[in-house]
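Asker: Sharing a structure with you now.
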Amino acid sequence: MKNKFYISILFLFLFSLEVQSTPKTDSLKSVFESANEPFEKFIIGSEVIKALITAGEEGVELYYTKCTELAGPLNSADVNAQLELLKALNYYAEGDNLNAVKSFKTAIPLLEKNSSSEEVADAYSWYALNLLAMSDYVGAIENYEKSNKLGAGSDSEVLIGKNNINLGRCYENIGRNTEALACFQKALKAAQNLKNAKLEMRAWLSIGALYSEGINRKLGLDYLSKAAVAAEKLKDTSFLINSYTAIANSYYYEKNYQAALRMYEKIKILCGSGKDRNSYAGVLGNMGNVYSEMGELEKAMELQLEAVSIFNEIGDKQGLTICYSTIGIDYLNAKNYEKALEYLSRSLAMAQEMHSIEDLIEIHQSLSRLYEETKDFENAYANFKLYKQFNDSIFNTSNTQKLTELELNYQFEGKQKEAKLLQELSDERLKRTVYVSISGGLILLIVVFLVSRANQQRKRTNEQLLISKNAVQLQKEELENHKKEITDSINYAKRIQESILPPDTYWNDCLQDSFIFYRPKDIVSGDFYWIEHKGDAVCFAAVDCTGHGVPGALMSVVGFNLLTQAVNEMGLVVPSEILKHLDYGVTKTLRQSEDGKGVKDGMDLSLCSLNLKTNELQYAGAYNSLYYVTDGVLHEVKSDKFPIGVNIDGKVDNYTNHTFQLKKGDCVYLFSDGYADQFGGPKGKKYKYNQLKELLQKNYLLPVEEQKEALAKSFDSWKGQLEQVDDVVIIGVRI
C-alpha cells in the first residue's frame, strides 16, 4: 500500500489564506480608488496586493505598478522598504520564487530599520510562505519562528496562529510529527481563545490529517469530520475540498475503496478541472492509488500520468515527487522493472532535494524491493538500510530520545519533591517524639512524687521509649529506602543513556582502529561520544555538556539527538554546518533568549568528518581543540571560543571549518576538559593539557588499546585518593 497521499499538496493551496475575515478584494479596490492622500493610497494598495494573493486572484502586477508610481514622490525610508516587500510579493504571485527570495532578503532588513515589529513579523511570514512553495522546509521553519517571536506580545495572535499551522505542515513534511502536532495544537488553542472559526477549522483539518496517516485514524476522522462541518457552515469550498480529501484518504487506509472513490468524485466536482488545478491533480493521483490497490493498474496509471501533466504545468515539486513514486510502484507491481526504476529514480532525486523524509522512506523501501526482485542484492540491501535509517529517524530515534529526556526529567523532579515531602514528614515526627519525651518526663516526676504509682509509671516510660526508638528506626529506614529509590532511578537513567550511546560494534565498524576512554564522574554523565556513517564520510565527536550527573545527562540526550538529526535527516557532513545546526537546536530546545526564562546551558565539543577513501579530515570545535600526531610531531588545531547554545541574542554562531590531509598511521585525538582538569599528583594540582599532549605524543605508536590503557593508568595514578572532578571522554583514531 502506498503510504504517502496528496493531502499535503492540497494544503499548499491554503498556506496563503488568511485565518480571519478578509475584506473582499472588490471593496479594497473601491477604497483604493476613492483615496486621495498618496501615502494612504499606497498603504491601501499594499493591502489590495496581499488580498489578491490570498484570494488567488489576478491583478497583483497592476497594483504593484500603481504602488511603485505612488512611492516615487513619497520617497521615504518606510515607503521604500514597503515597496521592496511588494516587489517580493509580486515575484511570488508570478511563481518566480528565486527572485522573490532576493527581494525578501533586501526588504526585511529595511523594514527592521523603518517599520513596526508587526510589519516585520508579517514580512517574515510571507518570506516563509515563499520558501515553503520552494519546498525549503528548514528555511520556512526558521522564518516562521522569527515571525512568531516578533509577533509575540503584540496584536498578532491571528498571524501567529496561521504561522503555527504552516510550521506544523513544514515539520510534518520533514518527518518531525511530534513538533508538527505541538504547532497544530497551539494554533487550535489560539483559535478557540480568539473565537476564530476559520483558524479553528484549519487546526482541526491539520490535526486530523496528521492523525489519519497511520497514527490514530479513528481520532483523525473525528477531527476531519469537525473540519468538514465547519467548512460547510462557512461555505468555504477550499477547506471543504481538503476535509473531504482527508476523509477519503481515511477510507482508503481502511481499504473501503468504493467509499473512497465516491468521496473523490465529490471532490472533483467541487474543485473542477479549470479552477483549482492543484487540488484537481491531487484528487486524480489519490484515485489512481485506489485503483492500483484494486488491481486496475491501467486505470491507475492513466489517472496518475494526468496528474503528472498538471503538476508539471504548475511547477509543484511535492506533487511530482509523490506521483513519480506511485507510478514507479505501479510499474513494480506489473513487473516492469525498467520503467519502475526510471520513475522511482525521478522521485528520489526530488525527495532528496526537498529533504522530504516521508517520501524517502517509501522510495527506498520500493527500490529495495525492486532490486531484490531483479536479484541485485547489493543495491537491495543498501536501499533497505536507507529505508530503515529514515524510518527510524521518524518513528524511533527522535521520539524515543525525546520521551527518554522527558521521562528522566519527570523522574528526577518527582524524586526531589518526594524527598522534600519525606524530610518534612521526618521533621514533624521528630517534633512529636520530643513532645512525647517531655511529656513522659513530666509524668515521671509526678509518678516519682506519687510513690504509690512509681512502678506503673516506670512501665509507661519504658513503653514510650520503645515507641520513640521505633519511630527513629522507621525514619531511618524510610530515608534509606528513599535514597535507594533515587539511586535505582539514576541507575536506570544510566542504562537509558548507555543504550543511546553508539554500541561498540557500530563504532568499530565505522572506525576500526580507534579507542574511547570514557569515565563518568557520577552514575550518569554529561560527557558523551557520538558517531554516524554517511556515504564515504564518518562523523564523530567528543561532547562536554554543561554540568554532570542527571542535569548533564539530560543535556546529552538533547545533544545526541540533534547531532544524529543533522547527519541522518539533514544530510550534513561538514563539521561547521553540523555545529551550526546543533547551536540553533540547543538554543531553541532550551528556549534561550534575552528574557532569561530559558536554561542558560550549552555544550563544548570537538567534531570531525573523516573521508575513508581519501583520508581527508575536517574539524570544527567549540572550546575543545583537536590534536593529531604525524611523523612523531603533535599538532594542535584551535577551536572557536564560543559554546554550543546560550545564544540569548537569537543569532546562530558560525564555526570555523578546518580541513587537512592525513596519511596512514597518523593519530587523531578528541577530548573533553575533564582529563586535563583533574586534580592530583604530589601537590594536588591540575593535570593540564601540556602533560596530556606529552602522554599522547609519547604513546601514539602503540596499538590503540594500549594507548587507552596508558591514559587510564596515568589518570588513576595522578588522581590517587582525590575525588574525580568532572566527566572524562577521550577519543583516539588511527588513520
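Lettering and numbering for the C-alpha cells are positional, with chains as A, B, ... in the shown order, residues counted from 1 in each chain, and ligands counted from 1 in the shown order.
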If you count only C-alpha atoms, which residues fall within 12 Å of Asp666 in chain A, apart from same-chain ones fewer than 2 positions away, as a PDB file with N, CA and C atoms, in the first residue's frame?
Answerer:
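Result saved to around_33.pdb:
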ATOM      1  N   ASP A 513      40.257   1.127  13.793  1.00  0.00           N
ATOM      2  CA  ASP A 513      41.465   1.292  14.609  1.00  0.00           C
ATOM      3  C   ASP A 513      41.295   2.530  15.492  1.00  0.00           C
ATOM      4  N   SER A 514      40.532   2.388  16.592  1.00  0.00           N
ATOM      5  CA  SER A 514      40.233   3.543  17.440  1.00  0.00           C
ATOM      6  C   SER A 514      39.955   3.083  18.867  1.00  0.00           C
ATOM      7  N   ASN A 615      41.255   9.960   3.200  1.00  0.00           N
ATOM      8  CA  ASN A 615      41.890  10.308   4.488  1.00  0.00           C
ATOM      9  C   ASN A 615      41.939  11.819   4.729  1.00  0.00           C
ATOM     10  N   GLU A 616      41.047  12.550   4.066  1.00  0.00           N
ATOM     11  CA  GLU A 616      40.912  13.979   4.357  1.00  0.00           C
ATOM     12  C   GLU A 616      40.080  14.141   5.626  1.00  0.00           C
ATOM     13  N   LEU A 617      40.592  14.975   6.536  1.00  0.00           N
ATOM     14  CA  LEU A 617      39.898  15.189   7.805  1.00  0.00           C
ATOM     15  C   LEU A 617      39.416  16.631   7.882  1.00  0.00           C
ATOM     16  N   TYR A 627      43.839  17.434  18.586  1.00  0.00           N
ATOM     17  CA  TYR A 627      45.249  17.075  18.461  1.00  0.00           C
ATOM     18  C   TYR A 627      45.377  16.004  17.381  1.00  0.00           C
ATOM     19  N   TYR A 628      46.441  16.107  16.573  1.00  0.00           N
ATOM     20  CA  TYR A 628      46.777  14.981  15.701  1.00  0.00           C
ATOM     21  C   TYR A 628      48.301  14.853  15.619  1.00  0.00           C
ATOM     22  N   VAL A 629      48.761  13.619  15.529  1.00  0.00           N
ATOM     23  CA  VAL A 629      50.196  13.330  15.521  1.00  0.00           C
ATOM     24  C   VAL A 629      50.559  12.732  14.171  1.00  0.00           C
ATOM     25  N   THR A 630      51.520  13.352  13.491  1.00  0.00           N
ATOM     26  CA  THR A 630      52.018  12.850  12.221  1.00  0.00           C
ATOM     27  C   THR A 630      53.536  12.935  12.225  1.00  0.00           C
ATOM     28  N   ASP A 631      54.182  11.850  11.835  1.00  0.00           N
ATOM     29  CA  ASP A 631      55.660  11.770  11.828  1.00  0.00           C
ATOM     30  C   ASP A 631      56.246  12.114  13.193  1.00  0.00           C
ATOM     31  N   GLY A 632      55.537  11.720  14.250  1.00  0.00           N
ATOM     32  CA  GLY A 632      56.025  11.908  15.602  1.00  0.00           C
ATOM     33  C   GLY A 632      55.818  13.294  16.172  1.00  0.00           C
ATOM     34  N   VAL A 633      55.228  14.220  15.397  1.00  0.00           N
ATOM     35  CA  VAL A 633      55.018  15.601  15.854  1.00  0.00           C
ATOM     36  C   VAL A 633      53.531  15.801  16.149  1.00  0.00           C
ATOM     37  N   LEU A 634      53.252  16.334  17.338  1.00  0.00           N
ATOM     38  CA  LEU A 634      51.857  16.602  17.715  1.00  0.00           C
ATOM     39  C   LEU A 634      51.469  18.014  17.299  1.00  0.00           C
ATOM     40  N   HIS A 635      50.343  18.118  16.607  1.00  0.00           N
ATOM     41  CA  HIS A 635      49.814  19.413  16.160  1.00  0.00           C
ATOM     42  C   HIS A 635      48.494  19.675  16.874  1.00  0.00           C
ATOM     43  N   GLN A 661      44.959  17.138   5.177  1.00  0.00           N
ATOM     44  CA  GLN A 661      45.167  15.788   4.654  1.00  0.00           C
ATOM     45  C   GLN A 661      46.026  14.973   5.631  1.00  0.00           C
ATOM     46  N   LEU A 662      45.561  13.790   5.983  1.00  0.00           N
ATOM     47  CA  LEU A 662      46.321  12.877   6.828  1.00  0.00           C
ATOM     48  C   LEU A 662      46.776  11.685   6.015  1.00  0.00           C
ATOM     49  N   LYS A 663      47.703  10.933   6.576  1.00  0.00           N
ATOM     50  CA  LYS A 663      48.182   9.731   5.887  1.00  0.00           C
ATOM     51  C   LYS A 663      48.099   8.545   6.837  1.00  0.00           C
ATOM     52  N   LYS A 664      48.221   7.380   6.294  1.00  0.00           N
ATOM     53  CA  LYS A 664      48.097   6.161   7.080  1.00  0.00           C
ATOM     54  C   LYS A 664      49.107   6.149   8.232  1.00  0.00           C
ATOM     55  N   VAL A 668      44.594  10.812  15.539  1.00  0.00           N
ATOM     56  CA  VAL A 668      43.757  11.980  15.816  1.00  0.00           C
ATOM     57  C   VAL A 668      43.136  11.798  17.201  1.00  0.00           C
ATOM     58  N   TYR A 669      43.087  12.886  18.000  1.00  0.00           N
ATOM     59  CA  TYR A 669      42.548  12.795  19.354  1.00  0.00           C
ATOM     60  C   TYR A 669      41.524  13.912  19.599  1.00  0.00           C
ATOM     61  N   GLN A 697      51.632  12.074  22.616  1.00  0.00           N
ATOM     62  CA  GLN A 697      52.741  12.039  21.658  1.00  0.00           C
ATOM     63  C   GLN A 697      53.679  10.872  21.949  1.00  0.00           C
ATOM     64  N   TYR A 700      51.678   7.402  20.841  1.00  0.00           N
ATOM     65  CA  TYR A 700      50.820   7.304  19.661  1.00  0.00           C
ATOM     66  C   TYR A 700      51.163   6.130  18.758  1.00  0.00           C
ATOM     67  N   LEU A 701      52.399   5.618  18.838  1.00  0.00           N
ATOM     68  CA  LEU A 701      52.778   4.468  18.008  1.00  0.00           C
ATOM     69  C   LEU A 701      52.258   3.146  18.574  1.00  0.00           C
ATOM     70  N   LEU A 702      51.831   3.155  19.836  1.00  0.00           N
ATOM     71  CA  LEU A 702      51.305   1.921  20.437  1.00  0.00           C
ATOM     72  C   LEU A 702      49.978   1.545  19.802  1.00  0.00           C
ATOM     73  N   VAL A 704      46.046   0.926  19.633  1.00  0.00           N
ATOM     74  CA  VAL A 704      45.074   1.841  20.243  1.00  0.00           C
ATOM     75  C   VAL A 704      44.631   1.365  21.624  1.00  0.00           C
ATOM     76  N   GLY A 732      40.454   8.393  20.440  1.00  0.00           N
ATOM     77  CA  GLY A 732      41.651   8.288  19.626  1.00  0.00           C
ATOM     78  C   GLY A 732      41.378   7.485  18.368  1.00  0.00           C
ATOM     79  N   VAL A 733      41.863   7.971  17.222  1.00  0.00           N
ATOM     80  CA  VAL A 733      41.624   7.290  15.944  1.00  0.00           C
ATOM     81  C   VAL A 733      42.935   7.222  15.173  1.00  0.00           C
ATOM     82  N   ARG A 734      43.308   6.009  14.753  1.00  0.00           N
ATOM     83  CA  ARG A 734      44.478   5.860  13.880  1.00  0.00           C
ATOM     84  C   ARG A 734      44.006   5.771  12.430  1.00  0.00           C
ATOM     85  N   ILE A 735      44.605   6.581  11.589  1.00  0.00           N
ATOM     86  CA  ILE A 735      44.231   6.600  10.170  1.00  0.00           C
ATOM     87  C   ILE A 735      44.724   5.334   9.476  1.00  0.00           C
TER      88      ILE A 735
END
Asker: Find the residues near range 30-38 of chain A: any atom within 10 Å, counting only C-alpha atoms, skip ones fewer than 3 places away on the same chain, and give them as number ranges by chain.
Answerer: A: 25-27, 41-48, 63, 67, 69-71, 73-74
Asker: Store the residues picked out above in a file with N, CA and C atoms, as a PDB file, in the first residue's frame.
Answerer:
ATOM      1  N   THR A  25     -11.786  41.661  -2.173  1.00  0.00           N
ATOM      2  CA  THR A  25     -10.838  42.458  -2.962  1.00  0.00           C
ATOM      3  C   THR A  25     -11.529  43.607  -3.680  1.00  0.00           C
ATOM      4  N   ASP A  26     -12.782  43.394  -4.089  1.00  0.00           N
ATOM      5  CA  ASP A  26     -13.507  44.470  -4.775  1.00  0.00           C
ATOM      6  C   ASP A  26     -13.702  45.674  -3.855  1.00  0.00           C
ATOM      7  N   SER A  27     -14.008  45.407  -2.578  1.00  0.00           N
ATOM      8  CA  SER A  27     -14.188  46.506  -1.620  1.00  0.00           C
ATOM      9  C   SER A  27     -12.894  47.275  -1.419  1.00  0.00           C
ATOM     10  N   LYS A  41      -3.125  56.052   0.040  1.00  0.00           N
ATOM     11  CA  LYS A  41      -3.411  55.265  -1.164  1.00  0.00           C
ATOM     12  C   LYS A  41      -2.372  54.140  -1.335  1.00  0.00           C
ATOM     13  N   PHE A  42      -1.100  54.455  -1.028  1.00  0.00           N
ATOM     14  CA  PHE A  42      -0.037  53.444  -1.127  1.00  0.00           C
ATOM     15  C   PHE A  42      -0.290  52.291  -0.153  1.00  0.00           C
ATOM     16  N   ILE A  43      -0.651  52.622   1.088  1.00  0.00           N
ATOM     17  CA  ILE A  43      -0.889  51.595   2.112  1.00  0.00           C
ATOM     18  C   ILE A  43      -2.074  50.713   1.717  1.00  0.00           C
ATOM     19  N   ILE A  44      -3.146  51.334   1.206  1.00  0.00           N
ATOM     20  CA  ILE A  44      -4.314  50.546   0.785  1.00  0.00           C
ATOM     21  C   ILE A  44      -3.950  49.666  -0.409  1.00  0.00           C
ATOM     22  N   GLY A  45      -3.134  50.206  -1.318  1.00  0.00           N
ATOM     23  CA  GLY A  45      -2.676  49.407  -2.455  1.00  0.00           C
ATOM     24  C   GLY A  45      -1.897  48.180  -2.013  1.00  0.00           C
ATOM     25  N   SER A  46      -1.093  48.336  -0.955  1.00  0.00           N
ATOM     26  CA  SER A  46      -0.349  47.192  -0.404  1.00  0.00           C
ATOM     27  C   SER A  46      -1.308  46.115   0.083  1.00  0.00           C
ATOM     28  N   GLU A  47      -2.374  46.551   0.759  1.00  0.00           N
ATOM     29  CA  GLU A  47      -3.355  45.591   1.263  1.00  0.00           C
ATOM     30  C   GLU A  47      -4.103  44.909   0.125  1.00  0.00           C
ATOM     31  N   VAL A  48      -4.357  45.642  -0.966  1.00  0.00           N
ATOM     32  CA  VAL A  48      -5.004  45.036  -2.137  1.00  0.00           C
ATOM     33  C   VAL A  48      -4.137  43.909  -2.689  1.00  0.00           C
ATOM     34  N   TYR A  63      -1.486  46.370  -9.521  1.00  0.00           N
ATOM     35  CA  TYR A  63      -1.461  47.192  -8.306  1.00  0.00           C
ATOM     36  C   TYR A  63      -0.038  47.417  -7.804  1.00  0.00           C
ATOM     37  N   CYS A  67       1.419  51.087  -7.018  1.00  0.00           N
ATOM     38  CA  CYS A  67       2.128  51.412  -5.767  1.00  0.00           C
ATOM     39  C   CYS A  67       3.518  51.961  -6.053  1.00  0.00           C
ATOM     40  N   GLU A  69       4.391  53.743  -8.663  1.00  0.00           N
ATOM     41  CA  GLU A  69       4.211  55.128  -9.093  1.00  0.00           C
ATOM     42  C   GLU A  69       3.937  56.050  -7.903  1.00  0.00           C
ATOM     43  N   LEU A  70       3.169  55.570  -6.930  1.00  0.00           N
ATOM     44  CA  LEU A  70       2.878  56.370  -5.738  1.00  0.00           C
ATOM     45  C   LEU A  70       4.119  56.561  -4.869  1.00  0.00           C
ATOM     46  N   ALA A  71       4.973  55.539  -4.821  1.00  0.00           N
ATOM     47  CA  ALA A  71       6.136  55.563  -3.921  1.00  0.00           C
ATOM     48  C   ALA A  71       7.178  56.583  -4.350  1.00  0.00           C
ATOM     49  N   PRO A  73       7.191  59.825  -5.609  1.00  0.00           N
ATOM     50  CA  PRO A  73       7.137  61.169  -4.987  1.00  0.00           C
ATOM     51  C   PRO A  73       7.250  61.137  -3.461  1.00  0.00           C
ATOM     52  N   LEU A  74       6.758  60.052  -2.834  1.00  0.00           N
ATOM     53  CA  LEU A  74       6.806  59.980  -1.366  1.00  0.00           C
ATOM     54  C   LEU A  74       8.244  59.880  -0.880  1.00  0.00           C
TER      55      LEU A  74
END
Asker: Need the shell around Lys195 in chain A: protein/DNA/RNA residues with any atom at most 12 Å away, counting only C-alpha atoms. Skip same-chain ones fewer than 5 positions apart. Format as a list in words?
Answerer: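 Final neighbour list, sorted by chain and number: Val19, Gln20, Glu157, Val158, Ala187, Leu188, Lys189, Ala190, Glu200 and Met201 of chain A.
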Asker: Closest to Leu590 in chain A among A:Asp527, A:Phe384, A:Gly602, A:Ala248, using only C-alpha atoms?
Answerer: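 Among the listed residues, A:Gly602 lies closest to Leu590 in chain A.
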Asker: With DSSP run on the backbone, what are the alpha helix (DSSP H) residues within range 532-730 of chain A? I'd like them as a PyMOL selection string.
Answerer: chain A and resi 549-568+575-589+689-699+704-719
Asker: Pick out the residues sitting within 12 Å of Lys385 in chain A, and hand them over as an MDAnalysis selection string; count only C-alpha atoms, and ignore anything fewer than 6 positions along from it in its own chain.
Answerer: chainID A and resid 360:361 364:365 367:368 378:379 391:392 533:534 568
Asker: Would you mind exporting the chosen residues as a tab-separated table (two decimals), in the first residue's frame, restricted to N, CA and C atoms?
Answerer:
chain	number	residue	atom	x	y	z
A	360	LEU	N	11.23	9.79	1.20
A	360	LEU	CA	12.44	8.97	1.11
A	360	LEU	C	12.23	7.59	1.71
A	361	ILE	N	11.44	7.49	2.77
A	361	ILE	CA	11.14	6.19	3.38
A	361	ILE	C	10.51	5.27	2.35
A	364	HIS	N	12.90	4.43	-0.88
A	364	HIS	CA	13.97	3.44	-0.63
A	364	HIS	C	13.39	2.05	-0.35
A	365	GLN	N	12.23	2.00	0.28
A	365	GLN	CA	11.57	0.70	0.50
A	365	GLN	C	11.21	0.06	-0.84
A	367	LEU	N	12.59	0.77	-3.83
A	367	LEU	CA	13.82	0.43	-4.55
A	367	LEU	C	14.44	-0.85	-4.01
A	368	SER	N	14.38	-1.04	-2.69
A	368	SER	CA	14.90	-2.27	-2.10
A	368	SER	C	14.16	-3.49	-2.64
A	378	GLU	N	23.02	-6.45	-3.62
A	378	GLU	CA	23.83	-5.40	-3.01
A	378	GLU	C	23.04	-4.09	-2.93
A	379	ASN	N	22.42	-3.68	-4.07
A	379	ASN	CA	21.61	-2.47	-4.07
A	379	ASN	C	20.35	-2.63	-3.24
A	391	ASN	N	13.28	5.69	8.31
A	391	ASN	CA	12.10	5.28	9.08
A	391	ASN	C	12.35	5.43	10.58
A	392	ASP	N	13.55	5.00	11.01
A	392	ASP	CA	13.89	5.11	12.43
A	392	ASP	C	14.01	6.56	12.86
A	533	HIS	N	27.84	7.28	10.21
A	533	HIS	CA	28.47	6.97	8.92
A	533	HIS	C	27.55	7.46	7.82
A	534	LYS	N	28.03	8.34	6.93
A	534	LYS	CA	27.22	8.88	5.85
A	534	LYS	C	28.04	8.86	4.57
A	568	ASN	N	21.61	12.38	9.73
A	568	ASN	CA	20.67	11.43	9.13
A	568	ASN	C	19.47	12.11	8.47
Asker: Quick one: residues within 12 Å of Glu338 in chain A, only C-alpha atoms, excluding same-chain residues fewer than 2 positions away - as a ChimeraX atom specification?
Answerer: /A:328-329,331-332,334-336,340-345,367,370-371,374
Asker: Could the residues in this selection be saved with N, CA and C atoms as a PDB file, in the first residue's frame?
Answerer:
ATOM      1  N   GLY A 328       5.997   4.567 -10.185  1.00  0.00           N
ATOM      2  CA  GLY A 328       7.079   3.575 -10.084  1.00  0.00           C
ATOM      3  C   GLY A 328       6.616   2.308  -9.384  1.00  0.00           C
ATOM      4  N   ILE A 329       5.813   2.475  -8.318  1.00  0.00           N
ATOM      5  CA  ILE A 329       5.301   1.307  -7.597  1.00  0.00           C
ATOM      6  C   ILE A 329       4.327   0.516  -8.471  1.00  0.00           C
ATOM      7  N   TYR A 331       4.415   0.281 -11.758  1.00  0.00           N
ATOM      8  CA  TYR A 331       5.238  -0.486 -12.705  1.00  0.00           C
ATOM      9  C   TYR A 331       5.932  -1.661 -12.009  1.00  0.00           C
ATOM     10  N   LEU A 332       6.332  -1.442 -10.754  1.00  0.00           N
ATOM     11  CA  LEU A 332       6.959  -2.521  -9.991  1.00  0.00           C
ATOM     12  C   LEU A 332       5.980  -3.669  -9.782  1.00  0.00           C
ATOM     13  N   ALA A 334       3.614  -4.389 -11.723  1.00  0.00           N
ATOM     14  CA  ALA A 334       3.400  -5.008 -13.039  1.00  0.00           C
ATOM     15  C   ALA A 334       4.644  -5.736 -13.545  1.00  0.00           C
ATOM     16  N   LYS A 335       5.707  -5.761 -12.715  1.00  0.00           N
ATOM     17  CA  LYS A 335       6.977  -6.423 -13.053  1.00  0.00           C
ATOM     18  C   LYS A 335       7.710  -5.733 -14.210  1.00  0.00           C
ATOM     19  N   ASN A 336       7.394  -4.479 -14.487  1.00  0.00           N
ATOM     20  CA  ASN A 336       8.120  -3.716 -15.498  1.00  0.00           C
ATOM     21  C   ASN A 336       9.226  -2.949 -14.771  1.00  0.00           C
ATOM     22  N   ALA A 340       9.849   1.029 -13.702  1.00  0.00           N
ATOM     23  CA  ALA A 340       9.754   1.271 -12.262  1.00  0.00           C
ATOM     24  C   ALA A 340      10.982   2.020 -11.763  1.00  0.00           C
ATOM     25  N   LEU A 341      12.183   1.589 -12.192  1.00  0.00           N
ATOM     26  CA  LEU A 341      13.423   2.240 -11.769  1.00  0.00           C
ATOM     27  C   LEU A 341      13.479   3.673 -12.283  1.00  0.00           C
ATOM     28  N   GLU A 342      13.004   3.898 -13.510  1.00  0.00           N
ATOM     29  CA  GLU A 342      13.012   5.240 -14.092  1.00  0.00           C
ATOM     30  C   GLU A 342      12.198   6.214 -13.231  1.00  0.00           C
ATOM     31  N   TYR A 343      10.968   5.832 -12.875  1.00  0.00           N
ATOM     32  CA  TYR A 343      10.103   6.743 -12.130  1.00  0.00           C
ATOM     33  C   TYR A 343      10.521   6.863 -10.669  1.00  0.00           C
ATOM     34  N   LEU A 344      10.979   5.763 -10.065  1.00  0.00           N
ATOM     35  CA  LEU A 344      11.434   5.845  -8.678  1.00  0.00           C
ATOM     36  C   LEU A 344      12.682   6.717  -8.559  1.00  0.00           C
ATOM     37  N   SER A 345      13.565   6.656  -9.564  1.00  0.00           N
ATOM     38  CA  SER A 345      14.781   7.484  -9.550  1.00  0.00           C
ATOM     39  C   SER A 345      14.425   8.963  -9.668  1.00  0.00           C
ATOM     40  N   LEU A 367      12.586   0.774  -3.829  1.00  0.00           N
ATOM     41  CA  LEU A 367      13.820   0.431  -4.554  1.00  0.00           C
ATOM     42  C   LEU A 367      14.444  -0.851  -4.012  1.00  0.00           C
ATOM     43  N   LEU A 370      12.518  -3.598  -5.524  1.00  0.00           N
ATOM     44  CA  LEU A 370      12.828  -3.731  -6.955  1.00  0.00           C
ATOM     45  C   LEU A 370      14.142  -4.474  -7.161  1.00  0.00           C
ATOM     46  N   TYR A 371      15.184  -4.052  -6.440  1.00  0.00           N
ATOM     47  CA  TYR A 371      16.489  -4.681  -6.604  1.00  0.00           C
ATOM     48  C   TYR A 371      16.486  -6.129  -6.114  1.00  0.00           C
ATOM     49  N   THR A 374      14.990  -8.182  -8.834  1.00  0.00           N
ATOM     50  CA  THR A 374      15.874  -8.306 -10.005  1.00  0.00           C
ATOM     51  C   THR A 374      17.218  -8.936  -9.632  1.00  0.00           C
TER      52      THR A 374
END
Asker: Would you mind reading off the distance between CA of Asn333 in chain A and CA of Asp376 in chain A, one decimal, in Å?
Answerer: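 Distance reported for this atom pair: 17.3 Å.
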Asker: Between A:Lys186, A:Lys521, A:Lys484, A:Lys683, single out the one closest to Gly720 in chain A, counting only C-alpha atoms.
Answerer: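 Smallest distance to Gly720 in chain A is found for A:Lys683.
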